[in-house]
file start.txt (compact mmCIF, C-alpha atoms and all ligand atoms)
# COMPACT_ATOMS: atom_id res chain seq x y z
CA MET A 33 47.65 -49.12 -5.86
CA SER A 34 46.90 -45.42 -6.23
CA VAL A 35 43.98 -43.24 -5.20
CA ILE A 36 40.96 -43.79 -7.47
CA TYR A 37 38.45 -41.45 -5.77
CA ASN A 38 39.34 -38.40 -3.69
CA ARG A 39 36.36 -38.73 -1.36
CA VAL A 40 34.13 -41.78 -1.02
CA ALA A 41 30.89 -41.52 0.97
CA LEU A 42 29.50 -44.79 2.29
CA ILE A 43 25.80 -44.59 3.14
CA GLY A 44 24.96 -47.32 5.64
CA LEU A 45 27.75 -48.70 7.82
CA GLY A 46 27.22 -52.45 7.96
CA LEU A 47 29.04 -55.52 6.69
CA ILE A 48 29.51 -54.38 3.10
CA ALA A 49 30.32 -50.70 3.75
CA GLY A 50 32.69 -51.64 6.58
CA SER A 51 34.48 -54.18 4.41
CA MET A 52 34.71 -51.65 1.56
CA SER A 53 36.24 -49.08 3.88
CA LEU A 54 38.81 -51.50 5.27
CA ALA A 55 39.69 -52.81 1.79
CA MET A 56 39.94 -49.26 0.38
CA ARG A 57 42.38 -48.40 3.16
CA ARG A 58 44.35 -51.57 2.52
CA GLY A 59 44.71 -50.61 -1.13
CA GLY A 60 45.09 -46.84 -0.63
CA LEU A 61 42.18 -46.39 -3.07
CA ALA A 62 40.48 -43.32 -1.56
CA GLY A 63 41.76 -39.94 -0.39
CA GLU A 64 39.12 -39.79 2.33
CA ILE A 65 36.38 -42.22 3.35
CA VAL A 66 33.34 -40.70 5.03
CA GLY A 67 30.38 -42.65 6.36
CA TYR A 68 26.79 -42.18 7.48
CA ALA A 69 24.30 -44.50 9.18
CA ARG A 70 20.75 -43.63 10.27
CA SER A 71 21.14 -44.75 13.91
CA LYS A 72 23.29 -42.93 16.44
CA GLU A 73 24.31 -46.29 17.84
CA THR A 74 25.88 -47.40 14.55
CA ARG A 75 27.55 -44.02 14.03
CA ASP A 76 29.00 -44.15 17.55
CA THR A 77 30.32 -47.67 17.00
CA ALA A 78 31.84 -46.66 13.65
CA ARG A 79 33.59 -43.72 15.35
CA GLU A 80 34.78 -45.86 18.22
CA ILE A 81 36.41 -48.48 15.97
CA GLY A 82 37.58 -45.95 13.35
CA LEU A 83 35.68 -47.76 10.60
CA VAL A 84 35.88 -44.75 8.25
CA ASP A 85 37.98 -41.58 8.35
CA ARG A 86 35.01 -39.38 9.26
CA VAL A 87 31.50 -40.28 10.43
CA CYS A 88 28.81 -37.72 9.53
CA ASP A 89 25.54 -37.21 11.40
CA THR A 90 23.50 -36.20 8.35
CA LEU A 91 23.16 -37.41 4.78
CA PRO A 92 23.84 -34.01 3.14
CA GLU A 93 27.06 -33.64 5.14
CA ALA A 94 28.17 -37.17 4.14
CA VAL A 95 27.72 -36.76 0.38
CA ALA A 96 29.00 -33.16 0.13
CA GLY A 97 32.08 -33.03 -2.08
CA ALA A 98 32.21 -36.82 -2.59
CA ASP A 99 33.21 -38.02 -6.05
CA LEU A 100 31.81 -41.48 -5.22
CA VAL A 101 28.72 -42.17 -3.10
CA VAL A 102 27.91 -45.83 -2.41
CA LEU A 103 24.50 -46.83 -1.06
CA CYS A 104 25.12 -49.74 1.33
CA VAL A 105 21.65 -50.07 2.86
CA PRO A 106 18.88 -52.65 2.29
CA VAL A 107 17.48 -52.52 -1.24
CA GLY A 108 14.09 -51.19 -0.14
CA ALA A 109 15.68 -48.13 1.51
CA MET A 110 17.70 -46.95 -1.51
CA GLY A 111 15.05 -44.89 -3.33
CA GLY A 112 14.28 -42.73 -0.29
CA ILE A 113 17.96 -42.09 0.36
CA ALA A 114 18.59 -41.23 -3.31
CA GLN A 115 15.82 -38.64 -3.13
CA GLU A 116 17.27 -37.16 0.04
CA ILE A 117 20.88 -36.90 -1.17
CA ALA A 118 20.11 -35.73 -4.73
CA PRO A 119 20.22 -31.95 -4.07
CA HIS A 120 23.52 -32.29 -2.22
CA LEU A 121 25.51 -34.37 -4.71
CA ALA A 122 28.62 -32.82 -6.25
CA LYS A 123 28.54 -32.21 -10.00
CA GLY A 124 30.38 -35.01 -11.81
CA ALA A 125 29.92 -37.44 -8.89
CA THR A 126 29.21 -41.13 -9.39
CA VAL A 127 26.52 -42.74 -7.27
CA SER A 128 26.70 -46.52 -6.94
CA ASP A 129 25.21 -49.17 -4.66
CA VAL A 130 25.93 -52.71 -3.48
CA GLY A 131 22.36 -54.05 -3.42
CA SER A 132 21.65 -57.70 -4.11
CA VAL A 133 18.92 -56.78 -6.63
CA LYS A 134 19.53 -54.46 -9.57
CA ARG A 135 16.44 -53.69 -11.69
CA ALA A 136 14.32 -52.50 -8.75
CA VAL A 137 17.21 -50.41 -7.45
CA ILE A 138 17.69 -48.71 -10.82
CA ASP A 139 13.95 -47.99 -10.98
CA ALA A 140 14.00 -46.53 -7.47
CA VAL A 141 17.25 -44.54 -7.61
CA ALA A 142 17.84 -43.38 -11.21
CA PRO A 143 14.82 -41.00 -11.42
CA HIS A 144 16.25 -38.94 -8.54
CA MET A 145 19.71 -38.46 -10.02
CA PRO A 146 20.40 -34.86 -11.06
CA ALA A 147 22.00 -33.94 -14.39
CA GLY A 148 25.77 -34.40 -14.32
CA VAL A 149 25.63 -37.29 -11.84
CA GLN A 150 26.14 -40.90 -12.99
CA PHE A 151 24.29 -43.77 -11.35
CA ILE A 152 26.30 -46.96 -11.89
CA PRO A 153 24.96 -49.88 -9.81
CA ALA A 154 27.16 -52.73 -8.61
CA HIS A 155 26.81 -55.93 -6.62
CA PRO A 156 29.73 -57.63 -4.89
CA ILE A 157 29.04 -61.37 -4.80
CA ALA A 158 30.53 -61.73 -1.36
CA GLY A 159 29.10 -61.63 2.11
CA THR A 160 28.52 -63.48 5.34
CA GLU A 161 25.51 -64.00 7.60
CA HIS A 162 26.86 -61.30 9.94
CA SER A 163 25.77 -57.68 9.85
CA GLY A 164 26.44 -54.32 11.47
CA PRO A 165 29.46 -52.01 11.74
CA ARG A 166 31.65 -54.54 13.54
CA SER A 167 31.17 -57.31 10.98
CA GLY A 168 33.32 -55.98 8.11
CA PHE A 169 36.77 -57.25 7.16
CA ALA A 170 39.26 -56.14 4.51
CA SER A 171 39.53 -59.43 2.63
CA LEU A 172 35.77 -59.99 2.11
CA PHE A 173 35.95 -59.21 -1.63
CA ASP A 174 39.24 -60.96 -2.38
CA ASN A 175 38.90 -63.36 -5.31
CA ARG A 176 35.11 -62.86 -5.37
CA TRP A 177 33.20 -61.41 -8.31
CA CYS A 178 31.65 -57.98 -8.46
CA ILE A 179 28.97 -57.35 -11.08
CA VAL A 180 28.83 -53.79 -12.40
CA ILE A 181 25.75 -52.61 -14.33
CA PRO A 182 26.96 -49.90 -16.75
CA ASN A 183 23.38 -48.54 -16.95
CA GLY A 184 24.25 -46.16 -19.80
CA GLY A 185 26.93 -44.42 -17.72
CA ASP A 186 29.88 -42.90 -19.52
CA GLU A 187 32.74 -45.24 -20.26
CA ALA A 188 35.32 -43.47 -18.11
CA ALA A 189 33.04 -43.44 -15.04
CA VAL A 190 32.20 -47.15 -15.47
CA LYS A 191 35.89 -48.02 -15.86
CA ARG A 192 36.78 -46.01 -12.76
CA LEU A 193 34.22 -47.88 -10.66
CA MET A 194 35.45 -51.21 -12.06
CA ASP A 195 39.02 -50.22 -11.15
CA LEU A 196 37.87 -49.56 -7.60
CA TRP A 197 36.35 -53.05 -7.33
CA ARG A 198 39.50 -54.62 -8.77
CA GLY A 199 41.46 -52.66 -6.17
CA LEU A 200 39.16 -54.09 -3.49
CA GLY A 201 40.30 -57.56 -4.56
CA SER A 202 37.44 -58.60 -6.85
CA HIS A 203 37.14 -59.87 -10.38
CA VAL A 204 34.71 -57.67 -12.28
CA ASP A 205 31.95 -58.51 -14.79
CA ALA A 206 29.64 -56.10 -16.57
CA MET A 207 26.04 -57.23 -16.95
CA GLU A 208 22.57 -56.03 -17.76
CA ALA A 209 20.27 -55.59 -14.71
CA ASP A 210 17.57 -58.17 -15.60
CA HIS A 211 20.18 -60.80 -16.39
CA HIS A 212 21.85 -60.10 -13.03
CA ASP A 213 18.53 -60.56 -11.21
CA LEU A 214 17.84 -63.91 -12.88
CA ALA A 215 21.40 -65.21 -12.34
CA LEU A 216 21.32 -64.22 -8.67
CA ALA A 217 17.84 -65.70 -8.21
CA VAL A 218 19.47 -69.05 -9.13
CA THR A 219 22.75 -68.74 -7.25
CA SER A 220 21.68 -66.84 -4.17
CA HIS A 221 18.09 -65.73 -3.66
CA THR A 222 16.24 -69.03 -4.13
CA PRO A 223 18.89 -71.02 -2.17
CA HIS A 224 18.36 -68.61 0.72
CA LEU A 225 14.61 -69.13 0.53
CA ILE A 226 15.08 -72.89 0.57
CA ALA A 227 17.39 -72.63 3.59
CA TYR A 228 14.88 -70.43 5.41
CA THR A 229 12.13 -72.95 4.58
CA MET A 230 14.04 -76.03 5.75
CA VAL A 231 15.06 -74.39 9.01
CA GLY A 232 11.43 -73.32 9.44
CA VAL A 233 10.29 -76.93 8.86
CA ALA A 234 12.71 -78.22 11.51
CA ASP A 235 11.47 -75.54 13.88
CA ASP A 236 7.86 -76.64 13.32
CA LEU A 237 8.47 -80.37 13.65
CA GLU A 238 7.15 -81.28 17.05
CA ARG A 239 8.14 -84.94 16.92
CA VAL A 240 11.85 -84.02 16.71
CA SER A 241 13.06 -82.18 19.78
CA ASP A 242 15.10 -78.94 19.62
CA ASN A 243 17.86 -80.86 21.29
CA GLU A 244 18.02 -83.36 18.44
CA VAL A 245 17.99 -80.61 15.80
CA ILE A 246 21.09 -79.08 17.40
CA LYS A 247 22.78 -82.36 18.31
CA TYR A 248 22.58 -83.95 14.86
CA SER A 249 22.96 -80.73 12.87
CA ALA A 250 26.27 -81.77 11.27
CA GLY A 251 24.17 -84.01 8.98
CA GLY A 252 23.64 -81.04 6.63
CA PHE A 253 21.20 -78.92 8.62
CA ARG A 254 24.03 -76.86 10.14
CA ASP A 255 25.05 -75.46 6.74
CA LEU A 256 21.47 -74.41 6.05
CA THR A 257 21.15 -72.69 9.43
CA ARG A 258 24.16 -70.50 8.63
CA ILE A 259 22.46 -69.24 5.47
CA ALA A 260 19.11 -68.93 7.28
CA ALA A 261 20.78 -66.72 9.92
CA SER A 262 21.23 -63.91 7.36
CA ASP A 263 19.77 -60.49 8.08
CA PRO A 264 15.91 -60.58 7.95
CA THR A 265 15.50 -57.00 6.68
CA MET A 266 18.00 -57.42 3.86
CA TRP A 267 16.39 -60.67 2.71
CA ARG A 268 12.83 -59.43 3.02
CA ASP A 269 13.83 -56.60 0.67
CA VAL A 270 15.61 -58.97 -1.75
CA PHE A 271 12.48 -61.09 -2.25
CA LEU A 272 10.10 -58.15 -2.46
CA ASN A 273 12.35 -56.52 -5.07
CA ASN A 274 13.26 -59.55 -7.17
CA LYS A 275 9.80 -61.11 -7.35
CA GLN A 276 9.68 -62.14 -10.97
CA ALA A 277 13.04 -63.95 -11.17
CA THR A 278 12.67 -65.59 -7.77
CA LEU A 279 9.18 -66.88 -8.60
CA GLU A 280 10.43 -68.18 -11.97
CA ILE A 281 13.27 -70.15 -10.32
CA LEU A 282 11.02 -71.28 -7.48
CA GLY A 283 8.58 -72.70 -10.07
CA ARG A 284 11.38 -74.71 -11.66
CA PHE A 285 12.60 -75.81 -8.24
CA THR A 286 9.14 -77.09 -7.35
CA GLU A 287 8.96 -79.12 -10.58
CA GLU A 288 12.33 -80.73 -9.86
CA LEU A 289 11.29 -81.44 -6.28
CA PHE A 290 8.15 -83.22 -7.52
CA ALA A 291 10.28 -85.30 -9.90
CA LEU A 292 12.57 -86.32 -7.04
CA GLN A 293 9.56 -86.96 -4.79
CA ARG A 294 8.10 -89.24 -7.45
CA ALA A 295 11.42 -91.10 -7.90
CA ILE A 296 11.59 -91.73 -4.15
CA ARG A 297 7.97 -92.94 -4.03
CA THR A 298 8.36 -95.25 -7.05
CA GLY A 299 11.80 -96.47 -5.96
CA ASP A 300 13.52 -95.11 -9.09
CA GLY A 301 17.10 -95.39 -7.84
CA ALA A 302 18.61 -94.80 -11.29
CA PHE A 303 16.88 -91.44 -11.56
CA LEU A 304 18.13 -90.37 -8.13
CA HIS A 305 21.66 -91.58 -8.83
CA ASP A 306 21.86 -89.79 -12.18
CA TYR A 307 20.46 -86.63 -10.65
CA PHE A 308 22.95 -86.56 -7.77
CA THR A 309 25.84 -87.35 -10.14
CA ARG A 310 24.91 -84.32 -12.23
CA THR A 311 24.69 -82.01 -9.21
CA ARG A 312 27.98 -83.26 -7.81
CA ALA A 313 29.74 -82.09 -10.98
CA ILE A 314 28.64 -78.50 -10.27
CA ARG A 315 30.34 -78.62 -6.88
CA ARG A 316 33.56 -79.71 -8.61
CA GLU A 317 33.34 -76.79 -11.03
CA ILE A 318 32.96 -74.35 -8.12
CA ILE A 319 36.06 -75.77 -6.46
CA GLU A 320 38.00 -75.60 -9.73
CA ALA A 321 36.95 -71.94 -10.15
CA GLY A 322 38.37 -71.17 -6.67
CA GLN A 323 34.98 -70.02 -5.38
CA ASP A 324 34.73 -72.38 -2.40
CA THR A 325 37.65 -70.97 -0.43
CA ALA A 326 37.15 -69.72 3.12
CA VAL A 327 37.83 -66.04 3.82
CA PRO A 328 39.41 -64.92 7.11
CA ASN A 329 36.73 -63.22 9.20
CA PHE A 330 38.17 -62.08 12.53
CA GLY A 331 37.65 -65.55 13.95
CA ARG A 332 33.95 -65.64 13.04
CA THR A 333 32.40 -68.33 10.86
CA PRO A 334 35.23 -68.80 8.36
CA GLU A 335 33.00 -68.83 5.33
CA ALA A 336 31.92 -66.19 2.90
CA GLU A 337 29.02 -66.54 0.55
CA GLY A 338 27.78 -64.58 -2.39
CA HIS A 339 24.44 -62.88 -1.89
P1 LIG B 1 24.04 -54.50 7.32
O1 LIG B 1 25.32 -55.01 7.85
O2 LIG B 1 22.77 -54.95 7.98
O3 LIG B 1 24.05 -52.90 7.31
C1 LIG B 1 22.96 -52.20 6.80
C2 LIG B 1 23.15 -50.70 6.99
O4 LIG B 1 22.00 -50.08 6.40
C3 LIG B 1 23.21 -50.25 8.44
O5 LIG B 1 24.13 -49.22 8.60
C4 LIG B 1 21.78 -49.75 8.71
O6 LIG B 1 21.75 -48.65 9.58
C5 LIG B 1 21.35 -49.24 7.36
N1 LIG B 1 19.90 -49.34 7.19
C6 LIG B 1 19.11 -50.41 7.39
N2 LIG B 1 17.83 -50.13 7.09
C7 LIG B 1 17.81 -48.83 6.71
C8 LIG B 1 16.79 -47.95 6.31
N3 LIG B 1 15.51 -48.35 6.21
N4 LIG B 1 17.14 -46.67 6.00
C9 LIG B 1 18.42 -46.26 6.09
N5 LIG B 1 19.44 -47.06 6.46
C10 LIG B 1 19.13 -48.32 6.77
O7 LIG B 1 23.83 -54.84 5.77
P2 LIG B 1 24.88 -55.31 4.66
O8 LIG B 1 25.02 -56.78 4.75
O9 LIG B 1 26.06 -54.46 4.68
O10 LIG B 1 23.99 -55.06 3.34
C11 LIG B 1 23.94 -53.81 2.72
C12 LIG B 1 23.54 -53.99 1.27
O11 LIG B 1 24.47 -54.86 0.65
C13 LIG B 1 22.15 -54.58 1.03
O12 LIG B 1 21.52 -53.90 -0.01
C14 LIG B 1 22.44 -56.01 0.60
O13 LIG B 1 21.46 -56.47 -0.31
C15 LIG B 1 23.80 -55.87 -0.06
N6 LIG B 1 24.64 -57.08 -0.01
C16 LIG B 1 24.73 -57.79 1.14
C17 LIG B 1 25.53 -58.92 1.18
C18 LIG B 1 25.65 -59.74 2.45
O14 LIG B 1 26.08 -60.87 2.40
N7 LIG B 1 25.29 -59.23 3.59
C19 LIG B 1 26.28 -59.30 0.04
C20 LIG B 1 26.21 -58.49 -1.11
C21 LIG B 1 25.38 -57.39 -1.12
P3 LIG B 1 21.69 -48.81 11.17
O15 LIG B 1 22.88 -49.64 11.56
O16 LIG B 1 21.77 -47.43 11.65
O17 LIG B 1 20.40 -49.52 11.45

call {"tool": "encode", "arguments": {"input": "start.txt", "output": "structure tokens"}}
result
Amino acid sequence: MSVIYNRVALIGLGLIAGSMSLAMRRGGLAGEIVGYARSKETRDTAREIGLVDRVCDTLPEAVAGADLVVLCVPVGAMGGIAQEIAPHLAKGATVSDVGSVKRAVIDAVAPHMPAGVQFIPAHPIAGTEHSGPRSGFASLFDNRWCIVIPNGGDEAAVKRLMDLWRGLGSHVDAMEADHHDLALAVTSHTPHLIAYTMVGVADDLERVSDNEVIKYSAGGFRDLTRIAASDPTMWRDVFLNNKQATLEILGRFTEELFALQRAIRTGDGAFLHDYFTRTRAIRREIIEAGQDTAVPNFGRTPEAEGH
């Protein structure tokens, strides 16, 4: 693989930025990778483990001369950062992001972009419940999908960004922002909310002891707790910034839940059996599409989920 960008600036140095840096190195995709994080602690850790080629202490220093700047911070922080970096962006640069929500990010970032700079959002559908500069790993994006939102950017700049994501190991789809937000509300955002809720219910249930919740967790609860362990700031921002689609899917979810509740109360076994047969088929399709495979993660939880 050859160099796609001469200098890539990663803003935020957590799971996604760290994994991008390691995967860019693996593929030889960037001439230089520079990074910035707001806290000194994260910057020091990134320096100590050599996460990027150069860690900068300020945003202007990080984006100076970069031909690609990627915002890898929680969705709610992107607008403020875009405003701060705008005067320091190189002419002809591409700004992208990895946020789990797209319409709100475009609304927050695009107005700050100076003439001659392209804003082309993206969202890698890969992640884990871990966060911070030590959580990244080079294979995170392998065989996962990355959705790129062309957002009216010029064809060559969009293709270049797509080439980067292919080089990082992903399959790439182009999509319109609102469609992305609805699709992800179904596949990621609402499932996370349901996991948070169920773990919250178990936490509130006084008649079942904490000990029992842990001891019998392999009954299904364990898988929900992994999802519900995801970063609180990131997920707060996802729900606040994808309100409409999440509420739409949540409304449908509630209707289905009432139907199942009714079937249980009335003893309608046929309804339950048909329902579970239909849902089982979706699991088979995921396996056939190769999207259930575990990703090596430095000995951490060997699973990777799309967010
Ligand atoms: P992470 O590991 O928690 O890292 C977040 C980074 O953003 C840290 O460097 C943090 O800086 C910085 N940050 C946090 N709040 C900030 C603020 N208010 N202003 C400036 N910087 C701030 O997060 P991540 O998992 O890499 O997620 C980054 C982005 O990727 C999010 O937009 C998320 O929606 C998206 N995403 C995540 C996943 C996933 O599974 N995690 C998957 C796909 C996309 P400090 O360390 O200095 O606090």

call {"tool": "residues_near_ligand", "arguments": {"input": "start.txt", "ligand": "ligand LIG 1 (chain B)", "cutoff": "7 Å", "atoms": "only C-alpha atoms and all ligand atoms", "output": "ChimeraX atom specification"}}
result
/A:44-49,69-74,104-107,109,130-133,155-165,263,266,270,337-339

call {"tool": "closest_residue", "arguments": {"input": "start.txt", "among": "A:Asp236, A:Asn243, A:Gln276, A:Phe285", "to": "Pro223 (chain A)", "atoms": "all atoms listed in the file"}}
result
A:Phe285

call {"tool": "residues_around", "arguments": {"input": "start.txt", "residues": "Gln323 (chain A)", "least_positions_apart": "3", "cutoff": "8 Å", "atoms": "all atoms listed in the file", "output": "VMD selection string"}}
result
chain A and resid 175 to 176 318 to 320

call {"tool": "closest_residue", "arguments": {"input": "start.txt", "among": "A:Val231, A:Ile81, A:Ala118, A:Leu172", "to": "Gly148 (chain A)", "atoms": "all atoms listed in the file"}}
result
A:Ala118

call {"tool": "atom_distance", "arguments": {"input": "start.txt", "atom1": "CA of Ala321 (chain A)", "atom2": "CA of Gly201 (chain A)"}}
result
15.8 Å
